[in-house]
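Okay, data-v5.txt now, which holds compact mmCIF, C-alpha atoms:
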# COMPACT_ATOMS: atom_id res chain seq x y z
CA MET A 24 111.34 81.89 119.98
CA SER A 25 110.69 85.61 120.40
CA ALA A 26 107.79 87.35 122.10
CA PRO A 27 104.29 86.54 120.91
CA LEU A 28 102.39 88.86 118.61
CA ASP A 29 99.52 90.79 120.15
CA PHE A 30 96.32 90.36 118.13
CA TRP A 31 93.72 92.92 119.27
CA PHE A 32 90.23 92.44 117.95
CA ASP A 33 86.54 93.10 118.48
CA PHE A 34 84.09 90.29 117.72
CA ALA A 35 81.94 92.89 115.93
CA SER A 36 84.55 93.40 113.21
CA PRO A 37 84.43 91.26 110.05
CA TYR A 38 88.00 92.28 109.31
CA GLY A 39 88.98 91.02 112.75
CA TYR A 40 87.33 87.74 111.81
CA LEU A 41 89.17 87.57 108.49
CA ALA A 42 92.49 88.24 110.21
CA SER A 43 91.69 85.65 112.88
CA THR A 44 91.58 82.95 110.22
CA GLN A 45 95.16 83.80 109.15
CA ILE A 46 97.16 85.23 112.04
CA ASP A 47 98.14 82.00 113.81
CA ASP A 48 99.49 80.47 110.60
CA ILE A 49 101.40 83.62 109.71
CA ALA A 50 103.04 83.71 113.14
CA ALA A 51 103.76 79.97 113.12
CA ARG A 52 105.57 80.21 109.78
CA HIS A 53 108.09 82.40 111.58
CA GLY A 54 108.25 80.41 114.82
CA ARG A 55 106.03 82.82 116.69
CA SER A 56 102.84 82.54 118.71
CA VAL A 57 99.92 84.94 119.04
CA ARG A 58 98.22 86.43 122.08
CA TRP A 59 94.54 86.84 121.19
CA ARG A 60 93.19 89.91 122.96
CA PRO A 61 89.48 90.62 122.40
CA ILE A 62 88.43 94.13 123.39
CA LEU A 63 85.46 96.46 122.98
CA LEU A 64 86.13 99.02 120.28
CA GLY A 65 83.25 101.13 121.57
CA ALA A 66 85.50 102.28 124.41
CA VAL A 67 88.27 103.00 121.92
CA PHE A 68 85.93 105.03 119.71
CA LYS A 69 85.15 107.29 122.67
CA VAL A 70 88.84 108.26 122.66
CA SER A 71 89.37 108.35 118.90
CA GLY A 72 86.09 110.06 118.04
CA MET A 73 85.41 107.42 115.38
CA LYS A 74 82.15 105.60 114.80
CA PRO A 75 81.61 101.91 114.03
CA VAL A 76 82.32 101.43 110.34
CA MET A 77 78.85 100.11 109.66
CA ASP A 78 77.33 103.32 111.01
CA GLN A 79 79.33 105.46 108.58
CA PRO A 80 77.60 106.42 105.31
CA LEU A 81 79.41 105.14 102.18
CA ARG A 82 82.01 103.25 104.24
CA GLY A 83 79.35 100.99 105.74
CA GLU A 84 78.03 100.13 102.29
CA TYR A 85 81.55 99.40 101.09
CA LEU A 86 82.10 97.00 104.00
CA VAL A 87 79.01 94.98 103.16
CA HIS A 88 80.42 94.34 99.69
CA ASP A 89 84.10 94.24 100.58
CA ALA A 90 84.14 91.87 103.56
CA PRO A 91 82.51 88.96 101.68
CA ARG A 92 84.75 89.63 98.68
CA PHE A 93 87.83 89.56 100.92
CA ALA A 94 86.57 86.33 102.51
CA ARG A 95 86.19 84.69 99.09
CA LEU A 96 89.77 85.64 98.26
CA LEU A 97 90.95 83.99 101.49
CA GLY A 98 88.68 81.00 100.96
CA VAL A 99 86.86 81.37 104.27
CA PRO A 100 83.10 81.50 104.83
CA LEU A 101 81.43 84.85 105.52
CA THR A 102 77.73 85.42 106.10
CA MET A 103 76.61 88.93 106.93
CA PRO A 104 74.72 88.66 110.24
CA ALA A 105 71.17 90.01 110.19
CA LYS A 106 71.94 92.08 113.27
CA VAL A 107 74.99 94.34 113.23
CA PRO A 108 76.96 95.74 114.88
CA LEU A 109 77.32 93.00 117.47
CA ASN A 110 77.65 93.96 121.10
CA GLY A 111 80.63 91.76 121.92
CA LEU A 112 80.55 92.31 125.67
CA ALA A 113 79.47 88.81 126.68
CA ALA A 114 81.78 87.19 124.12
CA CYS A 115 84.77 89.20 125.37
CA ARG A 116 84.00 88.42 128.98
CA ALA A 117 83.62 84.70 128.24
CA PHE A 118 87.08 84.77 126.67
CA TRP A 119 88.71 86.61 129.59
CA TRP A 120 86.93 84.33 132.07
CA LEU A 121 88.46 81.24 130.43
CA GLU A 122 91.85 82.61 129.49
CA PRO A 123 93.70 82.61 132.85
CA SER A 124 92.93 78.93 133.55
CA ASP A 125 92.87 77.53 130.01
CA PRO A 126 94.32 79.80 127.30
CA ALA A 127 94.07 77.11 124.62
CA LYS A 128 90.36 76.69 125.24
CA ALA A 129 89.86 80.46 125.33
CA HIS A 130 91.53 80.63 121.92
CA ALA A 131 89.26 77.86 120.61
CA LEU A 132 86.24 79.71 122.00
CA ALA A 133 87.25 82.95 120.27
CA LYS A 134 87.56 81.09 116.97
CA ALA A 135 84.19 79.42 117.53
CA ILE A 136 82.49 82.73 118.35
CA TYR A 137 83.98 84.42 115.30
CA HIS A 138 82.94 81.50 113.10
CA ALA A 139 79.39 81.50 114.49
CA HIS A 140 78.94 85.25 114.03
CA TRP A 141 80.78 85.95 110.78
CA GLY A 142 81.10 82.51 109.22
CA GLU A 143 77.45 81.57 109.85
CA GLY A 144 75.83 84.95 110.55
CA ARG A 145 74.53 83.94 113.98
CA ASP A 146 73.82 86.46 116.71
CA VAL A 147 76.13 85.98 119.69
CA ALA A 148 75.32 89.10 121.69
CA ALA A 149 73.63 87.38 124.64
CA ALA A 150 75.65 85.38 127.14
CA GLU A 151 73.26 82.48 126.52
CA GLN A 152 74.15 82.57 122.81
CA VAL A 153 77.86 82.58 123.64
CA ALA A 154 77.25 79.60 125.94
CA GLU A 155 75.63 77.72 123.04
CA VAL A 156 78.72 78.29 120.92
CA ALA A 157 80.92 77.20 123.84
CA ALA A 158 79.06 73.97 124.61
CA PRO A 159 80.67 71.83 121.85
CA LEU A 160 84.06 72.75 123.34
CA GLY A 161 83.04 71.07 126.61
CA ILE A 162 82.40 74.34 128.43
CA PRO A 163 79.36 73.97 130.73
CA ALA A 164 76.83 76.71 130.04
CA ALA A 165 76.17 77.31 133.74
CA ASP A 166 79.88 77.88 134.41
CA LEU A 167 80.18 80.35 131.54
CA LEU A 168 77.03 82.26 132.51
CA ALA A 169 78.34 82.62 136.06
CA GLY A 170 81.87 83.39 134.86
CA VAL A 171 80.92 86.38 132.72
CA GLN A 172 79.39 87.98 135.83
CA GLU A 173 82.59 87.79 137.90
CA GLN A 174 84.02 91.16 138.87
CA MET A 175 87.55 89.95 138.11
CA VAL A 176 86.49 89.15 134.54
CA LYS A 177 84.82 92.52 134.06
CA ASP A 178 87.96 94.21 135.38
CA ARG A 179 90.20 92.20 133.09
CA LEU A 180 88.28 93.21 129.98
CA ARG A 181 88.41 96.84 131.07
CA ALA A 182 92.16 96.55 131.71
CA GLU A 183 92.74 94.98 128.31
CA THR A 184 90.78 97.71 126.56
CA ASP A 185 92.69 100.38 128.52
CA GLU A 186 96.00 98.81 127.54
CA ALA A 187 94.90 98.70 123.90
CA ILE A 188 94.16 102.44 123.97
CA ARG A 189 97.47 103.13 125.70
CA ARG A 190 99.25 101.24 122.96
CA GLY A 191 97.52 103.19 120.22
CA VAL A 192 94.89 100.70 119.09
CA PHE A 193 92.11 102.58 117.25
CA GLY A 194 90.53 99.87 115.14
CA ALA A 195 90.45 96.14 114.58
CA PRO A 196 92.23 93.99 113.83
CA PHE A 197 95.30 95.64 115.28
CA ILE A 198 98.52 93.71 115.53
CA HIS A 199 101.68 94.47 117.51
CA VAL A 200 104.85 92.73 116.34
CA ASP A 201 107.88 93.56 118.50
CA GLY A 202 106.51 97.02 119.19
CA GLU A 203 105.46 97.70 115.60
CA ALA A 204 101.76 98.38 115.06
CA PHE A 205 99.79 97.23 112.03
CA TRP A 206 96.11 98.03 111.52
CA GLY A 207 93.77 96.06 109.32
CA ALA A 208 93.32 92.65 107.76
CA ASP A 209 94.84 94.13 104.61
CA ARG A 210 98.16 94.57 106.41
CA LEU A 211 98.72 90.90 107.16
CA ASP A 212 101.18 90.76 104.28
CA GLN A 213 103.21 93.52 105.96
CA VAL A 214 103.01 91.69 109.30
CA GLU A 215 104.44 88.63 107.59
CA GLU A 216 107.12 90.68 105.85
CA TRP A 217 108.10 92.24 109.18
CA LEU A 218 108.38 88.79 110.77
CA ALA A 219 110.41 87.45 107.85
CA ARG A 220 112.86 90.35 107.69
CA GLY A 221 112.81 91.56 111.28
CA GLY A 222 111.74 94.97 110.06
CA TRP A 223 112.76 97.21 107.20
CA MET B 4 92.13 96.80 75.99
CA SER B 5 89.33 97.18 78.52
CA ALA B 6 88.14 100.33 80.26
CA PRO B 7 90.66 102.31 82.26
CA LEU B 8 90.82 102.06 86.05
CA ASP B 9 89.56 105.08 87.97
CA PHE B 10 92.12 106.26 90.52
CA TRP B 11 90.49 108.74 92.91
CA PHE B 12 92.83 110.61 95.23
CA ASP B 13 93.37 113.69 97.35
CA PHE B 14 96.79 115.33 97.28
CA ALA B 15 96.54 115.58 101.09
CA SER B 16 96.67 111.78 101.50
CA PRO B 17 100.05 110.08 101.93
CA TYR B 18 98.38 106.78 101.07
CA GLY B 19 97.15 108.34 97.84
CA TYR B 20 100.75 109.30 97.15
CA LEU B 21 102.00 105.78 97.87
CA ALA B 22 99.36 104.29 95.58
CA SER B 23 100.19 106.85 92.89
CA THR B 24 103.72 105.46 92.67
CA GLN B 25 102.35 101.97 91.88
CA ILE B 26 99.00 102.17 90.14
CA ASP B 27 100.16 102.84 86.57
CA ASP B 28 102.57 99.89 86.64
CA ILE B 29 99.95 97.58 88.12
CA ALA B 30 97.45 98.52 85.41
CA ALA B 31 100.06 98.30 82.64
CA ARG B 32 101.01 94.76 83.65
CA HIS B 33 97.46 93.80 82.71
CA GLY B 34 97.18 95.91 79.57
CA ARG B 35 95.14 98.59 81.29
CA SER B 36 95.42 102.35 81.70
CA VAL B 37 94.46 104.58 84.62
CA ARG B 38 92.32 107.70 84.81
CA TRP B 39 93.81 109.89 87.55
CA ARG B 40 91.00 111.79 89.26
CA PRO B 41 92.08 114.18 92.01
CA ILE B 42 89.27 115.30 94.29
CA LEU B 43 88.77 117.09 97.60
CA LEU B 44 88.01 114.62 100.35
CA GLY B 45 86.76 117.44 102.54
CA ALA B 46 83.54 117.45 100.51
CA VAL B 47 83.32 113.68 100.84
CA PHE B 48 83.78 113.86 104.60
CA LYS B 49 80.76 116.14 104.82
CA VAL B 50 78.69 113.22 103.47
CA SER B 51 80.43 110.41 105.33
CA GLY B 52 80.76 112.22 108.65
CA MET B 53 84.45 111.28 108.80
CA LYS B 54 87.32 113.55 109.71
CA PRO B 55 90.75 113.79 108.05
CA VAL B 56 92.85 110.92 109.39
CA MET B 57 95.47 113.25 110.78
CA ASP B 58 92.85 114.99 112.90
CA GLN B 59 91.80 111.71 114.54
CA PRO B 60 93.43 110.87 117.89
CA LEU B 61 95.44 107.60 117.81
CA ARG B 62 94.86 107.11 114.08
CA GLY B 63 96.73 110.30 113.24
CA GLU B 64 99.73 109.19 115.32
CA TYR B 65 99.67 105.81 113.61
CA LEU B 66 99.73 107.44 110.19
CA VAL B 67 102.85 109.46 111.00
CA HIS B 68 104.69 106.22 111.75
CA ASP B 69 102.96 104.01 109.22
CA ALA B 70 103.16 106.08 106.05
CA PRO B 71 107.00 106.39 106.08
CA ARG B 72 107.28 102.69 106.97
CA PHE B 73 105.02 101.79 104.04
CA ALA B 74 107.08 104.06 101.78
CA ARG B 75 110.32 102.30 102.81
CA LEU B 76 108.73 98.96 101.95
CA LEU B 77 107.83 100.27 98.49
CA GLY B 78 111.22 101.92 98.07
CA VAL B 79 109.81 105.40 97.46
CA PRO B 80 110.75 108.62 99.27
CA LEU B 81 108.45 110.03 101.92
CA THR B 82 109.03 113.17 103.95
CA MET B 83 106.31 114.26 106.36
CA PRO B 84 105.41 117.83 105.37
CA ALA B 85 105.69 120.39 108.18
CA LYS B 86 102.19 121.57 107.39
CA VAL B 87 99.37 119.02 107.24
CA PRO B 88 96.72 118.46 106.15
CA LEU B 89 97.29 120.07 102.79
CA ASN B 90 94.49 122.06 101.23
CA GLY B 91 94.66 120.51 97.77
CA LEU B 92 92.25 122.92 96.11
CA ALA B 93 94.79 124.71 93.90
CA ALA B 94 96.56 121.45 93.02
CA CYS B 95 93.28 119.80 92.00
CA ARG B 96 92.22 122.77 89.94
CA ALA B 97 95.59 122.92 88.18
CA PHE B 98 95.14 119.28 87.24
CA TRP B 99 91.61 119.73 85.93
CA TRP B 100 92.63 122.89 84.06
CA LEU B 101 95.32 120.94 82.15
CA GLU B 102 93.55 117.63 81.74
CA PRO B 103 91.09 118.41 78.89
CA SER B 104 93.79 119.75 76.57
CA ASP B 105 96.79 117.65 77.65
CA PRO B 106 95.97 114.62 79.82
CA ALA B 107 99.55 113.33 79.69
CA LYS B 108 100.88 116.59 81.09
CA ALA B 109 98.15 116.70 83.72
CA HIS B 110 99.24 113.22 84.78
CA ALA B 111 102.86 114.35 84.97
CA LEU B 112 101.80 117.38 86.99
CA ALA B 113 99.90 115.21 89.48
CA LYS B 114 102.97 113.03 89.94
CA ALA B 115 105.17 116.10 90.38
CA ILE B 116 102.81 117.63 92.95
CA TYR B 117 102.63 114.37 94.91
CA HIS B 118 106.41 114.03 94.81
CA ALA B 119 106.93 117.63 95.96
CA HIS B 120 104.48 117.33 98.84
CA TRP B 121 105.02 113.78 100.10
CA GLY B 122 108.37 112.86 98.58
CA GLU B 123 110.06 116.11 99.59
CA GLY B 124 107.70 117.51 102.24
CA ARG B 125 107.10 120.79 100.40
CA ASP B 126 103.97 122.85 100.89
CA VAL B 127 101.89 123.03 97.71
CA ALA B 128 98.73 124.64 99.04
CA ALA B 129 99.07 127.97 97.23
CA ALA B 130 98.52 128.23 93.49
CA GLU B 131 101.94 129.91 93.26
CA GLN B 132 103.54 126.85 94.87
CA VAL B 133 101.74 124.56 92.44
CA ALA B 134 103.00 126.78 89.60
CA GLU B 135 106.58 126.31 90.85
CA VAL B 136 106.17 122.55 90.72
CA ALA B 137 104.64 122.85 87.26
CA ALA B 138 107.36 125.07 85.77
CA PRO B 139 109.90 122.27 85.04
CA LEU B 140 107.17 120.56 82.99
CA GLY B 141 107.05 123.56 80.67
CA ILE B 142 103.82 124.93 82.10
CA PRO B 143 103.95 128.74 82.22
CA ALA B 144 103.15 129.99 85.73
CA ALA B 145 100.95 132.82 84.43
CA ASP B 146 98.83 130.35 82.44
CA LEU B 147 98.38 128.06 85.43
CA LEU B 148 97.53 130.91 87.81
CA ALA B 149 94.87 132.15 85.39
CA GLY B 150 93.67 128.62 84.65
CA VAL B 151 92.87 127.72 88.24
CA GLN B 152 90.54 130.72 88.37
CA GLU B 153 88.43 129.62 85.40
CA GLN B 154 84.82 128.86 86.24
CA MET B 155 84.89 125.78 83.99
CA VAL B 156 87.79 124.39 86.00
CA LYS B 157 86.08 125.02 89.33
CA ASP B 158 82.94 123.34 87.99
CA ARG B 159 84.90 120.33 86.75
CA LEU B 160 86.49 119.73 90.15
CA ARG B 161 83.08 119.99 91.80
CA ALA B 162 81.61 117.55 89.25
CA GLU B 163 84.42 115.06 89.80
CA THR B 164 83.98 115.21 93.57
CA ASP B 165 80.22 114.77 93.17
CA GLU B 166 80.76 111.76 90.92
CA ALA B 167 83.16 110.28 93.46
CA ILE B 168 80.55 110.55 96.20
CA ARG B 169 77.90 109.09 93.91
CA ARG B 170 80.16 106.13 93.25
CA GLY B 171 80.76 105.52 96.95
CA VAL B 172 84.21 107.02 97.38
CA PHE B 173 84.76 107.79 101.09
CA GLY B 174 88.56 107.89 101.36
CA ALA B 175 91.72 107.92 99.31
CA PRO B 176 93.13 106.29 97.41
CA PHE B 177 89.98 104.74 96.02
CA ILE B 178 90.16 102.60 92.92
CA HIS B 179 87.38 101.40 90.61
CA VAL B 180 88.20 98.39 88.44
CA ASP B 181 85.32 97.39 86.17
CA GLY B 182 82.79 98.57 88.74
CA GLU B 183 84.57 97.01 91.71
CA ALA B 184 85.68 99.42 94.43
CA PHE B 185 88.90 99.08 96.41
CA TRP B 186 89.88 101.50 99.18
CA GLY B 187 93.40 102.05 100.37
CA ALA B 188 97.01 101.69 99.30
CA ASP B 189 97.02 98.39 101.16
CA ARG B 190 94.53 96.97 98.67
CA LEU B 191 96.73 97.35 95.61
CA ASP B 192 97.48 93.63 95.80
CA GLN B 193 93.76 92.93 95.54
CA VAL B 194 93.43 95.37 92.64
CA GLU B 195 96.18 93.47 90.85
CA GLU B 196 94.56 90.13 91.69
CA TRP B 197 91.25 91.38 90.33
CA LEU B 198 92.92 92.47 87.09
CA ALA B 199 94.77 89.18 86.76
CA ARG B 200 91.77 86.95 87.38
CA GLY B 201 88.93 89.18 86.21
CA GLY B 202 87.36 88.91 89.64
CA TRP B 203 86.84 86.06 92.08
Rewrite the structure from the file as structure tokens, please.
Amino acid sequence: MSAPLDFWFDFASPYGYLASTQIDDIAARHGRSVRWRPILLGAVFKVSGMKPVMDQPLRGEYLVHDAPRFARLLGVPLTMPAKVPLNGLAACRAFWWLEPSDPAKAHALAKAIYHAHWGEGRDVAAAEQVAEVAAPLGIPAADLLAGVQEQMVKDRLRAETDEAIRRGVFGAPFIHVDGEAFWGADRLDQVEEWLARGGW
Amino acid sequence: MSAPLDFWFDFASPYGYLASTQIDDIAARHGRSVRWRPILLGAVFKVSGMKPVMDQPLRGEYLVHDAPRFARLLGVPLTMPAKVPLNGLAACRAFWWLEPSDPAKAHALAKAIYHAHWGEGRDVAAAEQVAEVAAPLGIPAADLLAGVQEQMVKDRLRAETDEAIRRGVFGAPFIHVDGEAFWGADRLDQVEEWLARGGW
């Protein structure tokens, strides 16, 4: 079994959500695992000079039509949240608080947050809202609310975002496969092709 | 036979080039034709607030690696031109000069320009360079050089670009299939799916 794929994403991105519903299966078909790495694209945009897609004229309108259409093609639920773009700070911190001690549960939490926000259209900006999503996974709300305030957790998220920038991440989802970078949910077929053929 | 697909593109876009090598075949497989509509994305960017991809930090570096990789996957040649981004003004005007009287030749010219610029890495910014590419198609250089100066041709390019903006085009390639918009060479599979199923 070779190195895991790196799956960089921002909870605010519907395309990150769409990719999140596929990436584990794609990797598994080729005997690979996936490191889920939530980051804040806002910090990336400061470097790249880009704006959130939904704040861009024309492109934002396209997204509102395209993301649900893409979801229908994949057969996954998508509900445009009333409030976008999401500030994913608390969600990211909750993930990086859980990840060192229980990576499997952190992964389940990321899936649950994505499903709540993009599958059901719920707001998950506040730490309390993230805690509500986490509760069914057996994560005590008080622990999570304290965890997202830990300096070590804040530092970890910053370090992850810095590493993403260093490795050229400029949007989400962004996937590294053995050093090769692929941007966008619409490149999952190329990710799979790369895994199947070991490059081309 | 239903309405033709609209294929909006800028000669400066390598992804437009990649799509241009596939779009006619995709449409033909479903009994459809394609209207090639070269435009200047610079005018679009003024509306959308975006910058040319190659001028964006991180994203520009990704493109230089990604576009040739994508081309290898498709089995088409791609040579990064020494001078980017191309100013496609003369190329667009040459197309729109030819198109009313000989759409087939205009189509062949667009393919030849794309091949010269992205297949072979040649500069095609100057009208004289476009005329060189056009010569093997039996297009007299003097006619082309006069044609690109015609007011009607300038107006047509402006009208096409305006229509693109009106119809939500914010990047290239951009494809309209029966009113549905698809952005990017990496969405050609969805374009084909839409044609095959008549939507989803």
| query | Closest to Trp39 (chain B) among B:Ala109, B:Ala85, B:Ala94, B:Leu198, using all atoms listed in the file? | reply | B:Ala109
| task | Kindly provide, as a PyMOL selection string, the residues of chain B having any atom no farther than 10 Å from an atom of chain A, counting all atoms listed in the file. | result | chain B and resi 47-48+50-54+58-65+68-69+72-73+75-76+168-174+183-193+196-197+202-203
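Separating CA of Phe12 (chain B) from CA of Arg40 (chain B) is a distance of 6.4 Å.
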| task | Find the distance between CA of Ala149 (chain B) and CA of Pro106 (chain B) and write it in Å to one decimal. | result | 18.4 Å
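Here CA of Ala134 (chain B) and CA of Ala97 (chain B) stand 8.5 Å from one another.
Using all atoms listed in the file, the shortest contact distance between Gly141 (chain B) and any of B:Arg200, B:Lys86, B:His118, B:Lys108 is found at B:Lys108.
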Enclose region 144-154 of chain B, meaning all of its atoms listed in the file, in a box aligned along x, y and z, pad it by 5 Å on each side, and list the centre and edge lengths in Å to one decimal, as lines of an AutoDock Vina configuration file.
center_x = 94.0
center_y = 130.3
center_z = 85.4
size_x = 28.3
size_y = 15.1
size_z = 15.9
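With distances taken over all atoms listed in the file, A:Val156 is the one residue among A:Met77, A:Val156, A:Ala187, A:Pro196 lying closest to Lys134 (chain A).
Of the listed residues (A:Pro100, A:Gly65, A:Gly170, A:Pro91), A:Gly170 comes nearest to Ala113 (chain A); the distances count all atoms listed in the file.
Using only C-alpha atoms, the protein and nucleic acid residues lying no more than 10 Å from Asn110 (chain A), apart from those fewer than 5 places from it along its own chain, are Asp33, Phe34, Ala35, Leu63, Leu64, Gly65, Cys115, Asp146, Val147, Ala148 and Ala149 of chain A.
Nearest-residue note for Arg179 (chain A): choosing from A:Ala26, A:Val87, A:Pro123, A:Ala94, the minimum distance belongs to A:Pro123, counting all atoms listed in the file.
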| request: Around the point (93.4, 121.7, 86.1), in the coordinates given by the file, pick out the residues reaching within 12 Å, counting only C-alpha atoms, and return them as a count of residues only. | output: 47
